[in-house]
Every structure is written in structure tokens, then in C-alpha cells.
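*Asks:* Dropping in query09.cif, with mmCIF, N, CA and C atoms.
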```cif
data_target
loop_
_atom_site.label_atom_id
_atom_site.label_comp_id
_atom_site.auth_asym_id
_atom_site.auth_seq_id
_atom_site.Cartn_x
_atom_site.Cartn_y
_atom_site.Cartn_z
N MET A 21 -76.37 51.84 -116.00
CA MET A 21 -75.71 52.91 -115.29
C MET A 21 -74.70 53.53 -116.26
N ASP A 22 -74.81 54.82 -116.45
CA ASP A 22 -73.86 55.48 -117.33
C ASP A 22 -72.66 56.00 -116.52
N ARG A 23 -71.71 56.58 -117.20
CA ARG A 23 -70.45 56.99 -116.57
C ARG A 23 -70.67 58.05 -115.47
N SER A 24 -71.57 59.00 -115.70
CA SER A 24 -71.78 60.06 -114.70
C SER A 24 -72.36 59.50 -113.40
N LEU A 25 -73.30 58.58 -113.52
CA LEU A 25 -73.87 57.95 -112.33
C LEU A 25 -72.82 57.06 -111.64
N TYR A 26 -71.99 56.38 -112.45
CA TYR A 26 -70.91 55.57 -111.91
C TYR A 26 -69.95 56.43 -111.10
N GLU A 27 -69.56 57.57 -111.64
CA GLU A 27 -68.62 58.46 -110.94
C GLU A 27 -69.19 58.93 -109.61
N LYS A 28 -70.50 59.15 -109.57
CA LYS A 28 -71.15 59.61 -108.35
C LYS A 28 -71.09 58.56 -107.24
N TYR A 29 -71.23 57.29 -107.60
CA TYR A 29 -71.33 56.21 -106.61
C TYR A 29 -70.20 55.18 -106.72
N LYS A 30 -69.08 55.54 -107.32
CA LYS A 30 -68.05 54.54 -107.61
C LYS A 30 -67.38 53.94 -106.38
N ASP A 31 -67.38 54.63 -105.26
CA ASP A 31 -66.70 54.12 -104.07
C ASP A 31 -67.61 53.35 -103.12
N ILE A 32 -68.88 53.28 -103.43
CA ILE A 32 -69.84 52.60 -102.55
C ILE A 32 -69.78 51.10 -102.79
N LYS A 33 -69.61 50.35 -101.71
CA LYS A 33 -69.56 48.89 -101.78
C LYS A 33 -70.86 48.31 -101.23
N LEU A 34 -71.15 47.09 -101.64
CA LEU A 34 -72.35 46.40 -101.17
C LEU A 34 -72.08 45.73 -99.83
N PRO A 35 -73.09 45.69 -98.94
CA PRO A 35 -72.95 44.90 -97.72
C PRO A 35 -72.93 43.41 -98.06
N VAL A 36 -72.41 42.60 -97.16
CA VAL A 36 -72.21 41.17 -97.41
C VAL A 36 -73.51 40.47 -97.81
N ASP A 37 -74.62 40.80 -97.15
CA ASP A 37 -75.87 40.11 -97.49
C ASP A 37 -76.34 40.43 -98.90
N LEU A 38 -76.12 41.66 -99.37
CA LEU A 38 -76.48 42.00 -100.76
C LEU A 38 -75.54 41.34 -101.76
N VAL A 39 -74.26 41.23 -101.42
CA VAL A 39 -73.32 40.53 -102.29
C VAL A 39 -73.78 39.08 -102.46
N ASN A 40 -74.16 38.44 -101.35
CA ASN A 40 -74.65 37.06 -101.42
C ASN A 40 -75.93 36.95 -102.23
N MET A 41 -76.85 37.89 -102.04
CA MET A 41 -78.11 37.86 -102.79
C MET A 41 -77.84 38.03 -104.30
N TYR A 42 -77.02 39.02 -104.67
CA TYR A 42 -76.70 39.24 -106.08
C TYR A 42 -75.97 38.03 -106.66
N ALA A 43 -75.07 37.44 -105.89
CA ALA A 43 -74.36 36.24 -106.36
C ALA A 43 -75.35 35.11 -106.62
N ASP A 44 -76.32 34.92 -105.72
CA ASP A 44 -77.35 33.89 -105.93
C ASP A 44 -78.14 34.15 -107.22
N ILE A 45 -78.51 35.41 -107.43
CA ILE A 45 -79.28 35.77 -108.62
C ILE A 45 -78.48 35.50 -109.88
N VAL A 46 -77.24 35.91 -109.90
CA VAL A 46 -76.40 35.77 -111.09
C VAL A 46 -76.05 34.31 -111.35
N ILE A 47 -75.76 33.55 -110.30
CA ILE A 47 -75.40 32.13 -110.46
C ILE A 47 -76.55 31.35 -111.07
N ASN A 48 -77.78 31.68 -110.72
CA ASN A 48 -78.94 30.94 -111.22
C ASN A 48 -79.26 31.23 -112.68
N ASP A 49 -78.66 32.24 -113.26
CA ASP A 49 -78.87 32.56 -114.67
C ASP A 49 -77.55 32.35 -115.42
N GLU A 50 -77.49 31.29 -116.23
CA GLU A 50 -76.25 30.94 -116.92
C GLU A 50 -75.69 32.10 -117.74
N ALA A 51 -76.55 32.76 -118.49
CA ALA A 51 -76.09 33.86 -119.35
C ALA A 51 -75.54 35.01 -118.51
N ALA A 52 -76.23 35.39 -117.45
CA ALA A 52 -75.76 36.49 -116.60
C ALA A 52 -74.43 36.14 -115.95
N ARG A 53 -74.31 34.89 -115.48
CA ARG A 53 -73.07 34.45 -114.84
C ARG A 53 -71.91 34.53 -115.81
N LYS A 54 -72.10 33.99 -117.02
CA LYS A 54 -71.00 33.97 -117.99
C LYS A 54 -70.65 35.37 -118.49
N VAL A 55 -71.66 36.22 -118.67
CA VAL A 55 -71.39 37.59 -119.12
C VAL A 55 -70.66 38.37 -118.02
N LEU A 56 -71.10 38.23 -116.78
CA LEU A 56 -70.45 38.95 -115.67
C LEU A 56 -69.00 38.52 -115.52
N ILE A 57 -68.74 37.22 -115.56
CA ILE A 57 -67.37 36.72 -115.43
C ILE A 57 -66.53 37.17 -116.62
N HIS A 58 -67.11 37.17 -117.80
CA HIS A 58 -66.38 37.60 -118.99
C HIS A 58 -66.01 39.08 -118.91
N ILE A 59 -66.95 39.89 -118.47
CA ILE A 59 -66.65 41.32 -118.30
C ILE A 59 -65.53 41.48 -117.28
N GLY A 60 -65.59 40.70 -116.21
CA GLY A 60 -64.56 40.77 -115.18
C GLY A 60 -63.19 40.38 -115.68
N LYS A 61 -63.12 39.34 -116.50
CA LYS A 61 -61.83 38.90 -117.03
C LYS A 61 -61.19 39.96 -117.92
N HIS A 62 -62.01 40.68 -118.65
CA HIS A 62 -61.47 41.61 -119.64
C HIS A 62 -61.45 43.06 -119.20
N THR A 63 -61.96 43.35 -118.02
CA THR A 63 -61.91 44.73 -117.53
C THR A 63 -61.39 44.78 -116.10
N ALA A 64 -60.53 43.84 -115.74
CA ALA A 64 -60.02 43.78 -114.37
C ALA A 64 -59.18 45.02 -114.05
N ASP A 65 -58.49 45.55 -115.02
CA ASP A 65 -57.64 46.71 -114.82
C ASP A 65 -58.44 47.97 -115.10
N GLU A 66 -58.28 48.98 -114.26
CA GLU A 66 -59.02 50.24 -114.43
C GLU A 66 -58.66 50.93 -115.75
N GLU A 67 -57.47 50.66 -116.28
CA GLU A 67 -57.03 51.32 -117.50
C GLU A 67 -57.61 50.67 -118.76
N GLU A 68 -58.21 49.50 -118.62
CA GLU A 68 -58.78 48.80 -119.76
C GLU A 68 -59.93 49.61 -120.36
N LEU A 69 -60.06 49.53 -121.66
CA LEU A 69 -61.13 50.26 -122.34
C LEU A 69 -62.49 49.66 -122.02
N GLY A 70 -62.58 48.34 -121.94
CA GLY A 70 -63.84 47.68 -121.67
C GLY A 70 -64.26 46.81 -122.84
N LEU A 71 -65.49 46.34 -122.78
CA LEU A 71 -66.03 45.45 -123.81
C LEU A 71 -67.28 46.06 -124.42
N THR A 72 -67.53 45.73 -125.67
CA THR A 72 -68.79 46.10 -126.30
C THR A 72 -69.70 44.88 -126.28
N VAL A 73 -70.98 45.09 -126.52
CA VAL A 73 -71.92 43.97 -126.58
C VAL A 73 -71.52 43.02 -127.71
N GLY A 74 -71.03 43.56 -128.81
CA GLY A 74 -70.59 42.73 -129.93
C GLY A 74 -69.47 41.78 -129.53
N GLN A 75 -68.52 42.26 -128.73
CA GLN A 75 -67.44 41.39 -128.25
C GLN A 75 -67.97 40.32 -127.31
N ILE A 76 -68.95 40.67 -126.50
CA ILE A 76 -69.56 39.69 -125.60
C ILE A 76 -70.25 38.60 -126.43
N VAL A 77 -70.97 39.01 -127.47
CA VAL A 77 -71.67 38.05 -128.34
C VAL A 77 -70.67 37.09 -128.98
N GLU A 78 -69.52 37.59 -129.40
CA GLU A 78 -68.51 36.76 -130.06
C GLU A 78 -67.87 35.75 -129.10
N ARG A 79 -67.73 36.12 -127.83
CA ARG A 79 -66.91 35.34 -126.91
C ARG A 79 -67.67 34.49 -125.90
N VAL A 80 -68.93 34.80 -125.63
CA VAL A 80 -69.68 34.08 -124.59
C VAL A 80 -70.55 33.00 -125.24
N HIS A 81 -70.39 31.77 -124.76
CA HIS A 81 -71.17 30.63 -125.26
C HIS A 81 -72.07 30.13 -124.14
N ILE A 82 -73.33 29.85 -124.49
CA ILE A 82 -74.29 29.32 -123.52
C ILE A 82 -75.04 28.15 -124.15
N GLN A 83 -75.71 27.39 -123.32
CA GLN A 83 -76.60 26.33 -123.81
C GLN A 83 -77.89 27.00 -124.24
N ARG A 84 -78.23 26.90 -125.52
CA ARG A 84 -79.46 27.52 -126.00
C ARG A 84 -80.04 26.71 -127.14
N LYS A 85 -81.32 26.97 -127.44
CA LYS A 85 -81.99 26.27 -128.52
C LYS A 85 -81.55 26.86 -129.86
N VAL A 86 -81.17 25.96 -130.77
CA VAL A 86 -80.76 26.35 -132.11
C VAL A 86 -81.60 25.54 -133.10
N GLN A 87 -82.12 26.20 -134.13
CA GLN A 87 -82.99 25.50 -135.07
C GLN A 87 -82.16 24.66 -136.04
N LYS A 88 -82.50 23.38 -136.10
CA LYS A 88 -81.92 22.42 -137.04
C LYS A 88 -83.07 21.87 -137.86
N SER A 89 -83.09 22.15 -139.12
CA SER A 89 -84.18 21.79 -140.04
C SER A 89 -85.52 22.22 -139.45
N ASN A 90 -86.39 21.28 -139.07
CA ASN A 90 -87.72 21.64 -138.57
C ASN A 90 -87.85 21.55 -137.05
N SER A 91 -86.75 21.33 -136.35
CA SER A 91 -86.83 21.20 -134.90
C SER A 91 -85.75 22.04 -134.24
N PHE A 92 -85.89 22.20 -132.94
CA PHE A 92 -84.91 22.94 -132.17
C PHE A 92 -84.08 21.96 -131.35
N VAL A 93 -82.77 22.20 -131.31
CA VAL A 93 -81.86 21.36 -130.57
C VAL A 93 -81.10 22.25 -129.59
N ILE A 94 -80.94 21.78 -128.36
CA ILE A 94 -80.17 22.54 -127.38
C ILE A 94 -78.70 22.23 -127.60
N GLN A 95 -77.91 23.29 -127.79
CA GLN A 95 -76.48 23.11 -127.98
C GLN A 95 -75.73 24.32 -127.45
N ASN A 96 -74.43 24.16 -127.33
CA ASN A 96 -73.57 25.23 -126.87
C ASN A 96 -73.32 26.18 -128.04
N ALA A 97 -73.82 27.41 -127.95
CA ALA A 97 -73.70 28.37 -129.05
C ALA A 97 -73.47 29.76 -128.47
N ASN A 98 -73.08 30.67 -129.35
CA ASN A 98 -72.90 32.06 -128.92
C ASN A 98 -74.22 32.61 -128.42
N ILE A 99 -74.14 33.47 -127.41
CA ILE A 99 -75.33 34.17 -126.92
C ILE A 99 -75.78 35.12 -128.03
N ASP A 100 -77.08 35.23 -128.25
CA ASP A 100 -77.51 36.15 -129.30
C ASP A 100 -77.49 37.59 -128.79
N ARG A 101 -77.44 38.51 -129.72
CA ARG A 101 -77.21 39.92 -129.39
C ARG A 101 -78.28 40.49 -128.46
N LYS A 102 -79.55 40.23 -128.75
CA LYS A 102 -80.63 40.78 -127.91
C LYS A 102 -80.54 40.24 -126.49
N HIS A 103 -80.24 38.95 -126.35
CA HIS A 103 -80.11 38.37 -125.03
C HIS A 103 -78.93 39.00 -124.29
N ALA A 104 -77.81 39.18 -124.98
CA ALA A 104 -76.64 39.82 -124.37
C ALA A 104 -76.96 41.25 -123.93
N GLU A 105 -77.69 41.98 -124.76
CA GLU A 105 -78.07 43.35 -124.40
C GLU A 105 -78.96 43.37 -123.16
N ARG A 106 -79.90 42.43 -123.08
CA ARG A 106 -80.79 42.36 -121.90
C ARG A 106 -80.00 42.00 -120.64
N VAL A 107 -79.06 41.07 -120.76
CA VAL A 107 -78.25 40.67 -119.60
C VAL A 107 -77.40 41.84 -119.13
N VAL A 108 -76.74 42.53 -120.06
CA VAL A 108 -75.91 43.68 -119.70
C VAL A 108 -76.76 44.76 -119.06
N HIS A 109 -77.96 44.99 -119.59
CA HIS A 109 -78.86 45.99 -119.01
C HIS A 109 -79.23 45.61 -117.58
N SER A 110 -79.52 44.33 -117.35
CA SER A 110 -79.86 43.87 -115.99
C SER A 110 -78.68 44.08 -115.04
N LEU A 111 -77.48 43.76 -115.50
CA LEU A 111 -76.29 43.95 -114.66
C LEU A 111 -76.06 45.43 -114.37
N GLN A 112 -76.36 46.27 -115.35
CA GLN A 112 -76.22 47.72 -115.13
C GLN A 112 -77.24 48.21 -114.11
N MET A 113 -78.46 47.72 -114.18
CA MET A 113 -79.49 48.14 -113.23
C MET A 113 -79.18 47.65 -111.82
N MET A 114 -78.46 46.55 -111.70
CA MET A 114 -78.03 46.05 -110.39
C MET A 114 -76.82 46.85 -109.87
N GLY A 115 -76.23 47.66 -110.74
CA GLY A 115 -75.07 48.46 -110.34
C GLY A 115 -73.76 47.69 -110.41
N LEU A 116 -73.73 46.58 -111.16
CA LEU A 116 -72.54 45.75 -111.23
C LEU A 116 -71.61 46.14 -112.37
N CYS A 117 -72.14 46.87 -113.34
CA CYS A 117 -71.30 47.38 -114.43
C CYS A 117 -71.88 48.70 -114.91
N TYR A 118 -71.09 49.41 -115.69
CA TYR A 118 -71.53 50.69 -116.24
C TYR A 118 -71.03 50.78 -117.68
N TYR A 119 -71.57 51.74 -118.42
CA TYR A 119 -71.12 51.91 -119.79
C TYR A 119 -70.61 53.32 -120.02
N ARG A 120 -69.70 53.41 -120.99
CA ARG A 120 -69.22 54.69 -121.48
C ARG A 120 -69.54 54.76 -122.96
N PRO A 121 -70.19 55.82 -123.39
CA PRO A 121 -70.46 55.92 -124.83
C PRO A 121 -69.17 56.21 -125.61
N VAL A 122 -68.82 55.31 -126.50
CA VAL A 122 -67.68 55.49 -127.39
C VAL A 122 -68.24 55.24 -128.79
N PRO A 123 -68.60 56.31 -129.50
CA PRO A 123 -69.28 56.12 -130.78
C PRO A 123 -68.50 55.17 -131.68
N PRO A 124 -69.16 54.24 -132.32
CA PRO A 124 -70.60 54.09 -132.52
C PRO A 124 -71.26 53.14 -131.51
N SER A 125 -70.58 52.78 -130.43
CA SER A 125 -71.17 51.82 -129.50
C SER A 125 -70.94 52.26 -128.06
N LYS A 126 -71.28 51.38 -127.13
CA LYS A 126 -71.05 51.62 -125.71
C LYS A 126 -70.03 50.61 -125.22
N VAL A 127 -69.13 51.07 -124.36
CA VAL A 127 -68.11 50.20 -123.79
C VAL A 127 -68.51 49.90 -122.35
N ILE A 128 -68.51 48.62 -121.99
CA ILE A 128 -68.99 48.17 -120.69
C ILE A 128 -67.80 47.86 -119.79
N ASN A 129 -67.86 48.36 -118.54
CA ASN A 129 -66.83 48.12 -117.55
C ASN A 129 -67.46 47.67 -116.24
N PHE A 130 -66.65 47.08 -115.37
CA PHE A 130 -67.06 46.67 -114.04
C PHE A 130 -67.12 47.85 -113.09
N THR A 131 -67.96 47.74 -112.07
CA THR A 131 -67.92 48.65 -110.93
C THR A 131 -67.29 47.89 -109.77
N VAL A 132 -67.04 48.59 -108.67
CA VAL A 132 -66.52 47.94 -107.46
C VAL A 132 -67.50 46.87 -106.99
N ARG A 133 -68.78 47.15 -107.11
CA ARG A 133 -69.80 46.19 -106.69
C ARG A 133 -69.79 44.95 -107.59
N GLY A 134 -69.53 45.14 -108.87
CA GLY A 134 -69.42 44.01 -109.79
C GLY A 134 -68.25 43.12 -109.42
N LYS A 135 -67.14 43.75 -109.02
CA LYS A 135 -65.97 42.97 -108.59
C LYS A 135 -66.28 42.18 -107.33
N GLN A 136 -67.04 42.78 -106.41
CA GLN A 136 -67.43 42.07 -105.19
C GLN A 136 -68.25 40.82 -105.53
N VAL A 137 -69.25 40.98 -106.38
CA VAL A 137 -70.14 39.86 -106.72
C VAL A 137 -69.37 38.80 -107.51
N ALA A 138 -68.53 39.21 -108.46
CA ALA A 138 -67.74 38.25 -109.23
C ALA A 138 -66.78 37.49 -108.31
N GLY A 139 -66.21 38.18 -107.34
CA GLY A 139 -65.32 37.53 -106.37
C GLY A 139 -66.06 36.49 -105.55
N GLU A 140 -67.29 36.81 -105.14
CA GLU A 140 -68.10 35.87 -104.37
C GLU A 140 -68.46 34.65 -105.22
N ILE A 141 -68.80 34.86 -106.48
CA ILE A 141 -69.12 33.75 -107.38
C ILE A 141 -67.89 32.86 -107.56
N LYS A 142 -66.75 33.48 -107.78
CA LYS A 142 -65.51 32.71 -107.95
C LYS A 142 -65.19 31.92 -106.68
N ARG A 143 -65.38 32.54 -105.52
CA ARG A 143 -65.13 31.85 -104.25
C ARG A 143 -66.04 30.64 -104.10
N ARG A 144 -67.31 30.79 -104.47
CA ARG A 144 -68.26 29.67 -104.36
C ARG A 144 -67.87 28.53 -105.28
N PHE A 145 -67.46 28.85 -106.51
CA PHE A 145 -67.07 27.78 -107.44
C PHE A 145 -65.79 27.09 -106.98
N ASN A 146 -64.85 27.85 -106.42
CA ASN A 146 -63.63 27.24 -105.90
C ASN A 146 -63.94 26.33 -104.72
N ASN A 147 -64.85 26.76 -103.83
CA ASN A 147 -65.26 25.92 -102.69
C ASN A 147 -65.95 24.65 -103.19
N ALA A 148 -66.80 24.78 -104.19
CA ALA A 148 -67.50 23.62 -104.73
C ALA A 148 -66.50 22.64 -105.35
N LYS A 149 -65.49 23.15 -106.04
CA LYS A 149 -64.47 22.28 -106.64
C LYS A 149 -63.66 21.58 -105.56
N SER A 150 -63.28 22.32 -104.52
CA SER A 150 -62.47 21.70 -103.45
C SER A 150 -63.29 20.66 -102.69
N GLU A 151 -64.58 20.93 -102.45
CA GLU A 151 -65.42 19.95 -101.77
C GLU A 151 -65.61 18.71 -102.63
N LYS A 152 -65.74 18.90 -103.93
CA LYS A 152 -65.89 17.77 -104.83
C LYS A 152 -64.61 16.94 -104.84
N GLY A 153 -63.47 17.60 -104.81
CA GLY A 153 -62.18 16.90 -104.76
C GLY A 153 -62.01 16.15 -103.46
N ASP A 154 -62.46 16.73 -102.34
CA ASP A 154 -62.39 16.06 -101.04
C ASP A 154 -63.23 14.80 -101.02
N GLU A 155 -64.42 14.86 -101.63
CA GLU A 155 -65.31 13.70 -101.67
C GLU A 155 -64.71 12.57 -102.47
N GLU A 156 -63.97 12.91 -103.55
CA GLU A 156 -63.35 11.89 -104.37
C GLU A 156 -62.18 11.23 -103.66
N ASN A 157 -61.51 11.94 -102.76
CA ASN A 157 -60.37 11.39 -102.03
C ASN A 157 -60.77 10.53 -100.85
N VAL A 158 -62.05 10.53 -100.48
CA VAL A 158 -62.50 9.74 -99.32
C VAL A 158 -62.75 8.33 -99.70
#
```
For this file, write the structure as C-alpha cells.

*Replies:*
Amino acid sequence: MDRSLYEKYKDIKLPVDLVNMYADIVINDEAARKVLIHIGKHTADEEELGLTVGQIVERVHIQRKVQKSNSFVIQNANIDRKHAERVVHSLQMMGLCYYRPVPPSKVINFTVRGKQVAGEIKRRFNNAKSEKGDEENV
């Protein structure tokens, strides 16, 4: 979603069932979850410039296969650029973020819908933590 399309639909919010569906989709994909939360942390304020894909690549770590000599080992490593671009594109197609062209790159920001989904994900993780804490106290 580019800036002009964002401006056209910037005030439209998702219904609760779609927020839940998008949250389920994003939670099940580690890279999408971490990228969405990272965008949210760094573009929470409307005045923020946003993030580039390069900044996402530098800051987001996921479990992925990395080649060690003749074999692949799963380890915590930076997300690769192509994967980050695909994740950002998917989030844009869902309407959760948009980009502004700032030569030589694109700057990615949250939409209102992205904030809704990120809030739902955060709420779910907080509930899971509190339930886990309750189980330990029993």
C-alpha cells in the first residue's frame, strides 16, 4: 500500500473478527510477527519517519537455517533481505502498513489497522504470560 492509497483509507478500522484473523495469521509466522512488532515499536508516533527494509534486516532476528561448512544449522540470525521484503509486502497487502518513497528507498509505517493487529498480538502474549504465571503459583 503506497501513501496515496493509505491517505484514502487511513481512518478505516478492521472489525473484531478480522483483527483476530489477522492476528492468528501473523502470530503463526515468526518473521511476520517480529517484523510487525518491530515496525510498531519504531513508528508508534505519527511524526516518526518510519523504517526501511535495511533497518528491519539489521534489527530483526529469527530462527533460520545458516550454512556451516557442508551442513545447515538452525540458529538465531538476522532475517535476510529478500525474506524481509516479502514479509513487508505481505503486511502491506493486508493493509497493516504502508510505504512512502524517500529516495533511494521506501520508508515503512504502520496504519491504524496495523496498530489494531499489533495491539491484539500484544494482548494475547500478555494473557499467555499471566496465565503461565498463575499456573506456576498454584

*Asks:* So what does the PyMOL selection byres ((chain A and resi 113-116) around 5) actually pick up in this one, as a list in words?

*Replies:*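 This file, filtered by the PyMOL selection byres ((chain A and resi 113-116) around 5), leaves Met21, His109, Ser110, Leu111, Gln112, Cys117, Tyr118, Phe130, Thr131, Arg133 and Gly134 of chain A.
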
*Asks:* Could you tell me how far atom CA of A:Leu71 sits from atom CA of A:Glu105, in Å to one decimal place?

*Replies:*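 Taking atom CA of A:Glu105 and atom CA of A:Leu71, their separation equals 12.2 Å.
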
*Asks:* Show me, as a ChimeraX atom specification, the residues that have an atom within 7 Å of A:Ala104 when counting all atoms listed in the file, minus same-chain residues fewer than 6 positions from it.

*Replies:* /A:73,76-77

*Asks:* Output as lines of an AutoDock Vina configuration file the centre and edge lengths (Å, one decimal) of the box along x, y and z of the file that holds every listed atom of stretch 85-95 of chain A after adding 8 Å on each side.

*Replies:*
```
center_x = -81.8
center_y = 24.1
center_z = -133.7
size_x = 28.1
size_y = 21.8
size_z = 28.7
```

*Asks:* Which residues come within 6.5 Å of stretch 28-32 of chain A, counting all atoms listed in the file, excluding same-chain residues fewer than 4 positions away, as a compact mmCIF listing (two decimals) with N, CA and C atoms, in the frame of the given file?

*Replies:*
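Okay, this is what ended up in part-v4.txt:
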```
# COMPACT_ATOMS: atom_id res chain seq x y z
N ARG A 23 -71.71 56.58 -117.20
CA ARG A 23 -70.45 56.99 -116.57
C ARG A 23 -70.67 58.05 -115.47
N SER A 24 -71.57 59.00 -115.70
CA SER A 24 -71.78 60.06 -114.70
C SER A 24 -72.36 59.50 -113.40
N VAL A 132 -67.04 48.59 -108.67
CA VAL A 132 -66.52 47.94 -107.46
C VAL A 132 -67.50 46.87 -106.99
N ARG A 133 -68.78 47.15 -107.11
CA ARG A 133 -69.80 46.19 -106.69
C ARG A 133 -69.79 44.95 -107.59
```

*Asks:* Report, in Å with one decimal, the straight-line distance from atom CA of A:Val137 to atom N of A:Asn40.

*Replies:*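 Taking atom CA of A:Val137 and atom N of A:Asn40, their separation equals 6.9 Å.
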